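A.B. asks: Right, I'll just put the structure down here and ask away after.
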Amino acid sequence: MISDFLERLFGSREPVSRDTAKQRLRFVLAHDRSDISPQNLEKLRKEILEVVSRYVELDFDSLEFSLESDQRMTALMANLPIRRVRTNPLEPDSPVEEKQEPSLDLEESIDLDEVVEEASETADIPQD
Amino acid sequence: MAMNRIIVITSGKGGVGKTTCTANLGMALAKAGKRVVVIDADFGLRNLDLLLGLENRIVYTALDVLAGECRLDQALVKDKRQPNLALLPAAQNRSKESITPEQMKKLVRALTKAYNFVLIDSPAGIEMGFRNAIAAAREAIIVTTPEISAVRDADRVIGLLEANDIKAMRLIINRLKPSMVEAEQMMSVKDVQDILAVPLLGVIPDDEQVVVSTNNGEPLILSKDLSKAGTAVSNIARRLQGEKVPLMDLSVPKENFFKKLRQLFN
């Protein structure tokens, strides 16, 4: 009751949306301005990690890789924490030991068409 | 300095106040003794005529001029309240594709012979209508509001203007709500400026009088007692002519303790 009174007297501190707006804009503009497709960005990321991984062992769980934009200048920001340095750098063809996401393939997964067909059969669409 | 100024007013996003800015800036420059023509480049969705209150006086449009059905001066609607101002209307029953960038350049070139300022009101979007509107421009005014979507679209438009060699760009931040900025629930002028990195031409505070003046077809600039938004536009017109005018103080007056105390018991 008293705290409520004090809040109304001095104004309470709501979380501010101004900073959220700025942050979201900065991210989205970096992508808009660079005009790089998500596919190519992902390819770029993979290739850079591949090269770096030949020389050092990276901590794949905590690395950051993003585009950022400031004063109409777009920059590629990468924060690649190193677990250890390789004394003998790997050869260009050696595979990178990044954790693989479970692969989802359109052809191998459940046939969505069949599911849809089944659903539409049970749906009762009145016909004139 | 160039004798004639050809300025496109554009924003990307619709509904941020491009046309209102064009109408009021045109009127303010005309009041300052400049000969001004405002061009509605929004073919199919024209509105500049309404904001200026000239909708009943349109006989010919820019398309009739291009088709050779009338002379350019016959299509111009002269403002009776402010004889220095003229409107070149867009066709309402045609699409944005009914005119080409080359044709727009031809119209503008002819108009610069008789007018000091040619203001081109661009349609929203970045397609054909936008490309027509910027084709003849040498300068651009980008209108945005302190909202995330408007700023994003403004950024896109800035990129396109740069790519089209229009480098003289300036920014108007419209509909700023000072109390919300103070509560940090709206991006500030500086926030928007930092993100877009275009020189600031002015800030127009949110003002209910804008709705009233739109209803009446009487640009704010014409009223005897200028409202806050009216003063802001008038300052923008002066800056556009090279005058150094400081930004208006838009800070919210501090509520005094007793007023707050009184509100508690209401």
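Letters A, B, ... go to the chains of the structure tokens in the order shown; residues in each chain start at 1; ligands are counted from 1 in the same order.
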For chain B, list the residues within 9 Å of chain A, counting only C-alpha atoms, and write the list as a PDB file with N, CA and C atoms, in the first residue's frame.
C.D. replies:
```
ATOM      1  N   GLU B 147       9.512   4.950 -35.137  1.00  0.00           N
ATOM      2  CA  GLU B 147       9.047   3.580 -34.981  1.00  0.00           C
ATOM      3  C   GLU B 147       9.949   2.655 -35.776  1.00  0.00           C
ATOM      4  N   ILE B 148      10.095   1.473 -35.249  1.00  0.00           N
ATOM      5  CA  ILE B 148      11.048   0.512 -35.777  1.00  0.00           C
ATOM      6  C   ILE B 148      10.810   0.205 -37.267  1.00  0.00           C
ATOM      7  N   SER B 149       9.545   0.060 -37.662  1.00  0.00           N
ATOM      8  CA  SER B 149       9.263  -0.285 -39.057  1.00  0.00           C
ATOM      9  C   SER B 149       9.538   0.900 -39.985  1.00  0.00           C
ATOM     10  N   VAL B 151      11.694   3.319 -39.487  1.00  0.00           N
ATOM     11  CA  VAL B 151      13.138   3.553 -39.566  1.00  0.00           C
ATOM     12  C   VAL B 151      13.792   2.515 -40.480  1.00  0.00           C
ATOM     13  N   ARG B 152      13.320   1.282 -40.377  1.00  0.00           N
ATOM     14  CA  ARG B 152      13.872   0.253 -41.244  1.00  0.00           C
ATOM     15  C   ARG B 152      13.632   0.584 -42.722  1.00  0.00           C
ATOM     16  N   ASP B 155      15.742   3.412 -43.944  1.00  0.00           N
ATOM     17  CA  ASP B 155      17.110   2.969 -44.196  1.00  0.00           C
ATOM     18  C   ASP B 155      17.242   2.365 -45.592  1.00  0.00           C
ATOM     19  N   ARG B 156      16.249   1.600 -45.966  1.00  0.00           N
ATOM     20  CA  ARG B 156      16.233   0.981 -47.290  1.00  0.00           C
ATOM     21  C   ARG B 156      16.214   2.053 -48.383  1.00  0.00           C
ATOM     22  N   GLY B 159      19.507   3.814 -48.839  1.00  0.00           N
ATOM     23  CA  GLY B 159      20.396   3.002 -49.661  1.00  0.00           C
ATOM     24  C   GLY B 159      20.085   3.155 -51.145  1.00  0.00           C
ATOM     25  N   VAL B 181       9.469   9.667 -25.122  1.00  0.00           N
ATOM     26  CA  VAL B 181      10.927   9.637 -25.218  1.00  0.00           C
ATOM     27  C   VAL B 181      11.511   9.793 -23.819  1.00  0.00           C
ATOM     28  N   ALA B 183      10.213   8.916 -21.063  1.00  0.00           N
ATOM     29  CA  ALA B 183      10.006   7.681 -20.306  1.00  0.00           C
ATOM     30  C   ALA B 183      10.795   6.517 -20.914  1.00  0.00           C
ATOM     31  N   GLU B 184      11.573   6.816 -21.937  1.00  0.00           N
ATOM     32  CA  GLU B 184      12.357   5.809 -22.659  1.00  0.00           C
ATOM     33  C   GLU B 184      11.501   4.695 -23.244  1.00  0.00           C
ATOM     34  N   GLN B 185      10.306   5.075 -23.671  1.00  0.00           N
ATOM     35  CA  GLN B 185       9.447   4.106 -24.346  1.00  0.00           C
ATOM     36  C   GLN B 185       9.317   4.428 -25.823  1.00  0.00           C
ATOM     37  N   MET B 186      10.138   5.348 -26.295  1.00  0.00           N
ATOM     38  CA  MET B 186      10.179   5.668 -27.724  1.00  0.00           C
ATOM     39  C   MET B 186      11.618   6.032 -28.052  1.00  0.00           C
ATOM     40  N   MET B 187      12.062   5.683 -29.265  1.00  0.00           N
ATOM     41  CA  MET B 187      13.421   6.060 -29.653  1.00  0.00           C
ATOM     42  C   MET B 187      13.522   7.586 -29.715  1.00  0.00           C
ATOM     43  N   SER B 188      14.668   8.092 -29.316  1.00  0.00           N
ATOM     44  CA  SER B 188      14.865   9.540 -29.308  1.00  0.00           C
ATOM     45  C   SER B 188      15.340  10.007 -30.684  1.00  0.00           C
ATOM     46  N   ASP B 191      18.737   8.643 -31.229  1.00  0.00           N
ATOM     47  CA  ASP B 191      18.724   7.209 -31.565  1.00  0.00           C
ATOM     48  C   ASP B 191      18.504   7.015 -33.065  1.00  0.00           C
ATOM     49  N   VAL B 192      17.470   7.680 -33.591  1.00  0.00           N
ATOM     50  CA  VAL B 192      17.120   7.517 -35.000  1.00  0.00           C
ATOM     51  C   VAL B 192      18.237   8.065 -35.889  1.00  0.00           C
ATOM     52  N   ASP B 194      21.422   8.350 -35.144  1.00  0.00           N
ATOM     53  CA  ASP B 194      22.589   7.468 -35.075  1.00  0.00           C
ATOM     54  C   ASP B 194      22.428   6.290 -36.019  1.00  0.00           C
ATOM     55  N   ILE B 195      21.216   5.759 -36.077  1.00  0.00           N
ATOM     56  CA  ILE B 195      20.986   4.578 -36.896  1.00  0.00           C
ATOM     57  C   ILE B 195      21.011   4.923 -38.378  1.00  0.00           C
ATOM     58  N   LEU B 196      20.344   6.018 -38.761  1.00  0.00           N
ATOM     59  CA  LEU B 196      20.227   6.328 -40.187  1.00  0.00           C
ATOM     60  C   LEU B 196      21.413   7.111 -40.729  1.00  0.00           C
ATOM     61  N   ALA B 197      22.102   7.833 -39.840  1.00  0.00           N
ATOM     62  CA  ALA B 197      23.312   8.580 -40.229  1.00  0.00           C
ATOM     63  C   ALA B 197      23.085   9.517 -41.412  1.00  0.00           C
ATOM     64  N   PHE B 257       5.173  19.061  -7.780  1.00  0.00           N
ATOM     65  CA  PHE B 257       4.860  18.110  -6.731  1.00  0.00           C
ATOM     66  C   PHE B 257       3.389  18.148  -6.345  1.00  0.00           C
ATOM     67  N   LYS B 260       1.068  16.530  -8.835  1.00  0.00           N
ATOM     68  CA  LYS B 260       1.137  15.073  -8.720  1.00  0.00           C
ATOM     69  C   LYS B 260       0.342  14.602  -7.514  1.00  0.00           C
ATOM     70  N   LEU B 261       0.470  15.354  -6.436  1.00  0.00           N
ATOM     71  CA  LEU B 261      -0.200  14.995  -5.194  1.00  0.00           C
ATOM     72  C   LEU B 261      -1.716  15.038  -5.404  1.00  0.00           C
ATOM     73  N   LEU B 264      -3.131  12.103  -7.191  1.00  0.00           N
ATOM     74  CA  LEU B 264      -3.225  10.903  -6.371  1.00  0.00           C
ATOM     75  C   LEU B 264      -4.624  10.721  -5.805  1.00  0.00           C
TER      76      LEU B 264
END
```
A.B. asks: Using only C-alpha atoms, find the one residue out of B:Arg170, B:Asn215, B:Lys96, B:Phe130 that sits nearest to Arg239 in chain B.
C.D. replies: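 Closest candidate: B:Arg170.
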A.B. asks: Which residue gives the smallest distance to Glu91 in chain A among A:Asp59, A:Thr74, A:Arg54, A:Ser66, with only C-alpha atoms counted?
C.D. replies: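 Checking each of A:Asp59, A:Thr74, A:Arg54, A:Ser66 against Glu91 in chain A, counting only C-alpha atoms, the winner is A:Arg54.
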A.B. asks: Please provide as a ChimeraX atom specification all residues within 6 Å of range 198-203 of chain B, with the sequence filter that same-chain residues fewer than 6 positions apart are discarded (counting only C-alpha atoms).
C.D. replies: /B:170-174,236
A.B. asks: Need the shell around Leu76 in chain A: protein/DNA/RNA residues with any atom at most 12 Å away, counting only C-alpha atoms. Skip same-chain ones fewer than 5 positions apart. Format as a PDB file with N, CA and C atoms, in the first residue's frame?
C.D. replies:
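That gives us out.pdb:
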```pdb
ATOM      1  N   PHE A  27      20.111  -5.051 -35.594  1.00  0.00           N
ATOM      2  CA  PHE A  27      20.291  -6.395 -36.126  1.00  0.00           C
ATOM      3  C   PHE A  27      19.674  -6.524 -37.522  1.00  0.00           C
ATOM      4  N   ALA A  30      21.505  -4.543 -40.245  1.00  0.00           N
ATOM      5  CA  ALA A  30      22.770  -5.141 -40.666  1.00  0.00           C
ATOM      6  C   ALA A  30      22.506  -6.133 -41.795  1.00  0.00           C
ATOM      7  N   HIS A  31      21.437  -6.890 -41.653  1.00  0.00           N
ATOM      8  CA  HIS A  31      21.109  -7.863 -42.686  1.00  0.00           C
ATOM      9  C   HIS A  31      20.558  -7.189 -43.932  1.00  0.00           C
ATOM     10  N   SER A  34      23.475  -5.442 -45.830  1.00  0.00           N
ATOM     11  CA  SER A  34      24.518  -6.271 -46.441  1.00  0.00           C
ATOM     12  C   SER A  34      23.984  -7.005 -47.655  1.00  0.00           C
ATOM     13  N   ILE A  36      23.047  -9.947 -48.024  1.00  0.00           N
ATOM     14  CA  ILE A  36      23.588 -11.286 -48.167  1.00  0.00           C
ATOM     15  C   ILE A  36      22.484 -12.259 -47.767  1.00  0.00           C
ATOM     16  N   LEU A  41      25.240 -16.550 -45.947  1.00  0.00           N
ATOM     17  CA  LEU A  41      25.840 -16.208 -44.665  1.00  0.00           C
ATOM     18  C   LEU A  41      26.229 -17.476 -43.912  1.00  0.00           C
ATOM     19  N   LEU A  44      29.260 -18.935 -45.532  1.00  0.00           N
ATOM     20  CA  LEU A  44      30.422 -18.147 -45.126  1.00  0.00           C
ATOM     21  C   LEU A  44      30.872 -18.544 -43.730  1.00  0.00           C
ATOM     22  N   ARG A  45      29.883 -18.687 -42.837  1.00  0.00           N
ATOM     23  CA  ARG A  45      30.175 -19.055 -41.460  1.00  0.00           C
ATOM     24  C   ARG A  45      30.894 -20.409 -41.408  1.00  0.00           C
ATOM     25  N   ILE A  48      34.504 -20.143 -42.807  1.00  0.00           N
ATOM     26  CA  ILE A  48      35.438 -19.445 -41.904  1.00  0.00           C
ATOM     27  C   ILE A  48      35.800 -20.361 -40.730  1.00  0.00           C
ATOM     28  N   GLU A  64      30.134 -16.839 -31.369  1.00  0.00           N
ATOM     29  CA  GLU A  64      29.126 -15.925 -31.921  1.00  0.00           C
ATOM     30  C   GLU A  64      29.555 -15.498 -33.294  1.00  0.00           C
ATOM     31  N   PHE A  65      28.597 -15.363 -34.161  1.00  0.00           N
ATOM     32  CA  PHE A  65      28.899 -15.015 -35.538  1.00  0.00           C
ATOM     33  C   PHE A  65      27.718 -14.211 -36.056  1.00  0.00           C
ATOM     34  N   SER A  66      27.907 -12.928 -36.340  1.00  0.00           N
ATOM     35  CA  SER A  66      26.759 -12.128 -36.776  1.00  0.00           C
ATOM     36  C   SER A  66      27.194 -10.913 -37.574  1.00  0.00           C
ATOM     37  N   LEU A  67      26.210 -10.314 -38.239  1.00  0.00           N
ATOM     38  CA  LEU A  67      26.443  -9.054 -38.934  1.00  0.00           C
ATOM     39  C   LEU A  67      25.999  -7.937 -38.018  1.00  0.00           C
ATOM     40  N   GLU A  68      26.779  -6.879 -37.945  1.00  0.00           N
ATOM     41  CA  GLU A  68      26.344  -5.727 -37.169  1.00  0.00           C
ATOM     42  C   GLU A  68      26.510  -4.471 -37.985  1.00  0.00           C
ATOM     43  N   SER A  69      25.728  -3.457 -37.627  1.00  0.00           N
ATOM     44  CA  SER A  69      25.729  -2.256 -38.440  1.00  0.00           C
ATOM     45  C   SER A  69      25.822  -1.029 -37.563  1.00  0.00           C
ATOM     46  N   ASP A  70      26.707  -0.122 -37.948  1.00  0.00           N
ATOM     47  CA  ASP A  70      26.825   1.123 -37.208  1.00  0.00           C
ATOM     48  C   ASP A  70      27.211   2.221 -38.189  1.00  0.00           C
TER      49      ASP A  70
END
```
A.B. asks: Find the spatial neighbours of Asp42 in chain B, counting only C-alpha atoms, within a cut-off of 8 Å - ignore same-chain residues fewer than 5 positions away - and output them as a ChimeraX atom specification.
C.D. replies: /B:47,90,96,121-123,129
A.B. asks: Between CA of Cys70 in chain B and CA of Met3 in chain B, what is the distance, to one decimal in Å?
C.D. replies: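 Distance reported for this atom pair: 27.5 Å.
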A.B. asks: With a distance cut-off of 7 Å and only C-alpha atoms, select the neighbouring residues of Leu220 in chain B, excluding the residue or stretch itself and same-chain residues fewer than 4 positions from it, and output the selection as a list in words.
C.D. replies: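 My list of contacting residues is Asn24, Val210, Ser213 and Gly230 of chain B.
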A.B. asks: Tell me which protein, DNA and RNA residues are within 12 Å of Val59 in chain B, counting only C-alpha atoms, leaving out same-chain ones fewer than 5 positions away, and put them as a list in words.
C.D. replies: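 The residues satisfying every condition are Asp49, Leu54, Asp64, Val65, Glu69, Cys70, Arg71, Leu72, Asp73, Gln74, Ala75, Leu76, Val77, Lys78, Leu87, Leu88, Pro89, Ala90 and Ala91 of chain B.
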A.B. asks: Output N, CA and C atoms for every residue in the selection just made, as a tab-separated table (two decimals), in the first residue's frame.
C.D. replies:
```tsv
chain	number	residue	atom	x	y	z
B	49	ASP	N	-3.62	16.88	-53.28
B	49	ASP	CA	-4.69	17.84	-53.59
B	49	ASP	C	-5.62	18.02	-52.39
B	54	LEU	N	-7.27	21.57	-52.53
B	54	LEU	CA	-7.40	21.99	-53.93
B	54	LEU	C	-8.12	20.95	-54.78
B	64	ASP	N	-2.30	14.26	-68.68
B	64	ASP	CA	-2.89	15.00	-69.80
B	64	ASP	C	-1.83	15.87	-70.47
B	65	VAL	N	-0.93	16.41	-69.65
B	65	VAL	CA	0.16	17.22	-70.21
B	65	VAL	C	1.03	16.34	-71.10
B	69	GLU	N	-2.65	16.78	-74.30
B	69	GLU	CA	-4.03	17.23	-74.30
B	69	GLU	C	-4.21	18.62	-73.69
B	70	CYS	N	-3.17	19.09	-73.02
B	70	CYS	CA	-3.20	20.46	-72.51
B	70	CYS	C	-1.78	20.94	-72.32
B	71	ARG	N	-1.62	22.24	-72.10
B	71	ARG	CA	-0.28	22.76	-71.81
B	71	ARG	C	0.02	22.55	-70.33
B	72	LEU	N	1.31	22.59	-69.99
B	72	LEU	CA	1.71	22.37	-68.60
B	72	LEU	C	1.06	23.40	-67.66
B	73	ASP	N	1.04	24.65	-68.07
B	73	ASP	CA	0.48	25.69	-67.19
B	73	ASP	C	-1.02	25.52	-66.98
B	74	GLN	N	-1.69	24.84	-67.92
B	74	GLN	CA	-3.14	24.61	-67.75
B	74	GLN	C	-3.40	23.55	-66.68
B	75	ALA	N	-2.46	22.63	-66.52
B	75	ALA	CA	-2.65	21.56	-65.53
B	75	ALA	C	-2.32	22.03	-64.13
B	76	LEU	N	-1.52	23.08	-64.01
B	76	LEU	CA	-1.12	23.56	-62.69
B	76	LEU	C	-2.31	24.21	-61.98
B	77	VAL	N	-2.52	23.80	-60.71
B	77	VAL	CA	-3.58	24.42	-59.92
B	77	VAL	C	-2.93	25.47	-59.02
B	78	LYS	N	-3.27	26.74	-59.25
B	78	LYS	CA	-2.66	27.80	-58.44
B	78	LYS	C	-3.47	27.98	-57.16
B	87	LEU	N	0.12	23.40	-57.70
B	87	LEU	CA	0.12	21.93	-57.60
B	87	LEU	C	0.03	21.33	-58.99
B	88	LEU	N	0.91	20.36	-59.27
B	88	LEU	CA	0.74	19.56	-60.48
B	88	LEU	C	0.12	18.23	-60.05
B	89	PRO	N	-1.18	18.04	-60.34
B	89	PRO	CA	-1.86	16.84	-59.84
B	89	PRO	C	-1.47	15.57	-60.58
B	90	ALA	N	-1.58	14.46	-59.86
B	90	ALA	CA	-1.40	13.14	-60.47
B	90	ALA	C	-2.75	12.68	-60.99
B	91	ALA	N	-2.72	11.74	-61.92
B	91	ALA	CA	-3.97	11.14	-62.37
B	91	ALA	C	-4.43	10.16	-61.30
```
A.B. asks: If you run DSSP on this backbone, which residues of range 127-252 of chain B come out as strand (DSSP E), and could you give them as a list in words?
C.D. replies: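 In range 127-252 of chain B, DSSP puts these residues in strand (DSSP E): Glu139, Ala140, Ile141, Ile142, Val143, Thr144, Ala168, Met169, Arg170, Leu171, Ile172, Ile173, Asn174, Arg175, Leu176, Leu200, Leu201, Gly202, Val203, Ile204 and Pro205 of chain B.
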A.B. asks: I need the residues of range 39-210 of chain B that end up classed as helix (DSSP H, G or I) by DSSP on the backbone, written out as a short mmCIF file (atom, residue, chain, number, x, y, z; two decimals) with N, CA and C atoms, in the first residue's frame.
C.D. replies:
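In the end it all went to states_19.cif:
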```cif
data_model
loop_
_atom_site.label_atom_id
_atom_site.label_comp_id
_atom_site.auth_asym_id
_atom_site.auth_seq_id
_atom_site.Cartn_x
_atom_site.Cartn_y
_atom_site.Cartn_z
N LEU B 48 -2.29 14.69 -52.28
CA LEU B 48 -1.72 16.01 -52.03
C LEU B 48 -2.77 17.10 -52.29
N ASP B 49 -3.62 16.88 -53.28
CA ASP B 49 -4.69 17.84 -53.59
C ASP B 49 -5.62 18.02 -52.39
N LEU B 50 -5.93 16.90 -51.71
CA LEU B 50 -6.83 16.96 -50.55
C LEU B 50 -6.20 17.73 -49.40
N LEU B 51 -4.93 17.44 -49.12
CA LEU B 51 -4.27 18.10 -47.99
C LEU B 51 -4.13 19.59 -48.22
N LEU B 52 -4.05 19.98 -49.50
CA LEU B 52 -3.94 21.40 -49.81
C LEU B 52 -5.32 22.04 -49.98
N GLU B 55 -8.72 19.96 -54.12
CA GLU B 55 -9.26 18.81 -54.87
C GLU B 55 -10.38 19.19 -55.84
N ASN B 56 -11.08 20.29 -55.57
CA ASN B 56 -12.19 20.65 -56.46
C ASN B 56 -11.76 21.50 -57.64
N ARG B 57 -10.47 21.79 -57.70
CA ARG B 57 -10.05 22.72 -58.76
C ARG B 57 -9.22 22.05 -59.83
N ALA B 62 -0.98 15.58 -64.71
CA ALA B 62 0.32 15.45 -65.37
C ALA B 62 0.22 14.56 -66.61
N LEU B 63 -0.64 13.55 -66.55
CA LEU B 63 -0.77 12.64 -67.70
C LEU B 63 -1.36 13.34 -68.92
N ASP B 64 -2.30 14.26 -68.68
CA ASP B 64 -2.89 15.00 -69.80
C ASP B 64 -1.83 15.87 -70.47
N VAL B 65 -0.93 16.41 -69.65
CA VAL B 65 0.16 17.22 -70.21
C VAL B 65 1.03 16.34 -71.10
N LEU B 66 1.38 15.16 -70.59
CA LEU B 66 2.27 14.26 -71.34
C LEU B 66 1.61 13.75 -72.61
N LEU B 72 1.31 22.59 -69.99
CA LEU B 72 1.71 22.37 -68.60
C LEU B 72 1.06 23.40 -67.66
N ASP B 73 1.04 24.65 -68.07
CA ASP B 73 0.48 25.69 -67.19
C ASP B 73 -1.02 25.52 -66.98
N GLN B 74 -1.69 24.84 -67.92
CA GLN B 74 -3.14 24.61 -67.75
C GLN B 74 -3.40 23.55 -66.68
N ALA B 75 -2.46 22.63 -66.52
CA ALA B 75 -2.65 21.56 -65.53
C ALA B 75 -2.32 22.03 -64.13
N LYS B 96 0.67 3.47 -61.37
CA LYS B 96 2.00 4.08 -61.27
C LYS B 96 2.85 3.83 -62.52
N GLU B 97 2.44 2.80 -63.31
CA GLU B 97 3.21 2.47 -64.49
C GLU B 97 2.83 3.35 -65.68
N SER B 98 1.85 4.24 -65.47
CA SER B 98 1.38 5.03 -66.61
C SER B 98 2.31 6.19 -66.93
N PRO B 101 10.17 7.36 -65.79
CA PRO B 101 11.14 8.30 -65.20
C PRO B 101 11.54 9.40 -66.20
N GLU B 102 11.67 9.04 -67.47
CA GLU B 102 12.04 10.04 -68.48
C GLU B 102 10.98 11.14 -68.59
N GLN B 103 9.70 10.71 -68.56
CA GLN B 103 8.61 11.68 -68.66
C GLN B 103 8.59 12.60 -67.43
N MET B 104 8.88 12.02 -66.27
CA MET B 104 8.91 12.82 -65.05
C MET B 104 10.01 13.87 -65.15
N LYS B 105 11.17 13.46 -65.66
CA LYS B 105 12.28 14.41 -65.83
C LYS B 105 11.88 15.56 -66.75
N LYS B 106 11.15 15.22 -67.79
CA LYS B 106 10.73 16.22 -68.77
C LYS B 106 9.82 17.27 -68.10
N LEU B 107 8.87 16.78 -67.30
CA LEU B 107 7.96 17.68 -66.60
C LEU B 107 8.73 18.60 -65.65
N VAL B 108 9.61 17.99 -64.87
CA VAL B 108 10.35 18.76 -63.86
C VAL B 108 11.24 19.81 -64.52
N ARG B 109 11.90 19.39 -65.60
CA ARG B 109 12.79 20.32 -66.30
C ARG B 109 12.00 21.55 -66.75
N ALA B 110 10.81 21.32 -67.25
CA ALA B 110 10.00 22.44 -67.71
C ALA B 110 9.58 23.33 -66.53
N LEU B 111 9.28 22.71 -65.40
CA LEU B 111 8.81 23.48 -64.24
C LEU B 111 9.91 24.33 -63.61
N THR B 112 11.17 23.83 -63.68
CA THR B 112 12.25 24.60 -63.05
C THR B 112 12.43 25.96 -63.72
N MET B 128 7.97 1.21 -58.94
CA MET B 128 7.93 2.16 -60.06
C MET B 128 7.60 3.59 -59.64
N GLY B 129 6.60 3.75 -58.80
CA GLY B 129 6.19 5.09 -58.40
C GLY B 129 7.32 5.83 -57.70
N PHE B 130 8.04 5.12 -56.86
CA PHE B 130 9.19 5.69 -56.16
C PHE B 130 10.27 6.05 -57.16
N ARG B 131 10.53 5.15 -58.10
CA ARG B 131 11.59 5.41 -59.09
C ARG B 131 11.25 6.62 -59.96
N ASN B 132 9.96 6.76 -60.29
CA ASN B 132 9.54 7.96 -61.02
C ASN B 132 9.80 9.21 -60.21
N ALA B 133 9.44 9.14 -58.93
CA ALA B 133 9.53 10.32 -58.07
C ALA B 133 10.96 10.79 -57.89
N ILE B 134 11.91 9.85 -57.82
CA ILE B 134 13.29 10.27 -57.56
C ILE B 134 14.05 10.58 -58.85
N ALA B 135 13.46 10.22 -59.99
CA ALA B 135 14.20 10.32 -61.26
C ALA B 135 14.78 11.71 -61.52
N ILE B 148 10.09 1.47 -35.25
CA ILE B 148 11.05 0.51 -35.78
C ILE B 148 10.81 0.21 -37.27
N SER B 149 9.55 0.06 -37.66
CA SER B 149 9.26 -0.29 -39.06
C SER B 149 9.54 0.90 -39.99
N ALA B 150 9.19 2.09 -39.54
CA ALA B 150 9.42 3.28 -40.37
C ALA B 150 10.91 3.53 -40.55
N VAL B 151 11.69 3.32 -39.49
CA VAL B 151 13.14 3.55 -39.57
C VAL B 151 13.79 2.52 -40.48
N ARG B 152 13.32 1.28 -40.38
CA ARG B 152 13.87 0.25 -41.24
C ARG B 152 13.63 0.58 -42.72
N ASP B 153 12.40 0.99 -43.03
CA ASP B 153 12.08 1.32 -44.42
C ASP B 153 12.83 2.56 -44.88
N ALA B 154 12.99 3.53 -43.98
CA ALA B 154 13.76 4.73 -44.32
C ALA B 154 15.19 4.34 -44.68
N ASP B 155 15.74 3.41 -43.94
CA ASP B 155 17.11 2.97 -44.20
C ASP B 155 17.24 2.37 -45.59
N ARG B 156 16.25 1.60 -45.97
CA ARG B 156 16.23 0.98 -47.29
C ARG B 156 16.21 2.05 -48.38
N VAL B 157 15.35 3.06 -48.16
CA VAL B 157 15.22 4.14 -49.13
C VAL B 157 16.53 4.94 -49.24
N ILE B 158 17.18 5.15 -48.12
CA ILE B 158 18.45 5.88 -48.13
C ILE B 158 19.47 5.13 -48.99
N GLY B 159 19.51 3.81 -48.84
CA GLY B 159 20.40 3.00 -49.66
C GLY B 159 20.09 3.16 -51.15
N LEU B 160 18.78 3.16 -51.49
CA LEU B 160 18.39 3.28 -52.90
C LEU B 160 18.71 4.66 -53.45
N LEU B 161 18.54 5.69 -52.62
CA LEU B 161 18.86 7.06 -53.07
C LEU B 161 20.35 7.18 -53.34
N GLU B 162 21.15 6.62 -52.44
CA GLU B 162 22.61 6.63 -52.64
C GLU B 162 22.96 5.95 -53.96
N ALA B 163 22.34 4.80 -54.18
CA ALA B 163 22.62 4.04 -55.39
C ALA B 163 22.21 4.81 -56.64
N PRO B 178 7.34 13.55 -27.09
CA PRO B 178 8.39 13.87 -26.10
C PRO B 178 8.21 13.15 -24.76
N SER B 179 6.95 12.99 -24.31
CA SER B 179 6.76 12.34 -23.01
C SER B 179 7.17 10.88 -23.06
N MET B 180 6.92 10.24 -24.21
CA MET B 180 7.32 8.84 -24.35
C MET B 180 8.83 8.71 -24.45
N VAL B 181 9.47 9.67 -25.12
CA VAL B 181 10.93 9.64 -25.22
C VAL B 181 11.51 9.79 -23.82
N GLU B 182 10.92 10.70 -23.05
CA GLU B 182 11.45 10.91 -21.71
C GLU B 182 11.29 9.67 -20.83
N VAL B 189 15.39 11.32 -30.86
CA VAL B 189 15.91 11.89 -32.10
C VAL B 189 17.32 11.38 -32.36
N LYS B 190 18.12 11.37 -31.31
CA LYS B 190 19.51 10.94 -31.46
C LYS B 190 19.60 9.46 -31.84
N ASP B 191 18.74 8.64 -31.23
CA ASP B 191 18.72 7.21 -31.57
C ASP B 191 18.50 7.02 -33.07
N VAL B 192 17.47 7.68 -33.59
CA VAL B 192 17.12 7.52 -35.00
C VAL B 192 18.24 8.06 -35.89
N GLN B 193 18.77 9.20 -35.47
CA GLN B 193 19.84 9.82 -36.25
C GLN B 193 21.09 8.94 -36.27
N ASP B 194 21.42 8.35 -35.14
CA ASP B 194 22.59 7.47 -35.08
C ASP B 194 22.43 6.29 -36.02
N ILE B 195 21.22 5.76 -36.08
CA ILE B 195 20.99 4.58 -36.90
C ILE B 195 21.01 4.92 -38.38
N LEU B 196 20.34 6.02 -38.76
CA LEU B 196 20.23 6.33 -40.19
C LEU B 196 21.41 7.11 -40.73
N GLN B 209 -3.51 18.86 -33.97
CA GLN B 209 -3.92 19.89 -34.93
C GLN B 209 -3.70 19.44 -36.37
N VAL B 210 -2.76 18.48 -36.57
CA VAL B 210 -2.49 17.99 -37.92
C VAL B 210 -3.75 17.33 -38.49
#
```
A.B. asks: In Å, how far is it from CA of Ala232 in chain B to CA of Gly17 in chain B?
C.D. replies: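 Distance between the two atoms: 13.7 Å.
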A.B. asks: What separation in Å, quoted to one decimal, exists between CA of Phe43 in chain B and CA of Arg94 in chain B?
C.D. replies: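 A separation of 6.3 Å between them.
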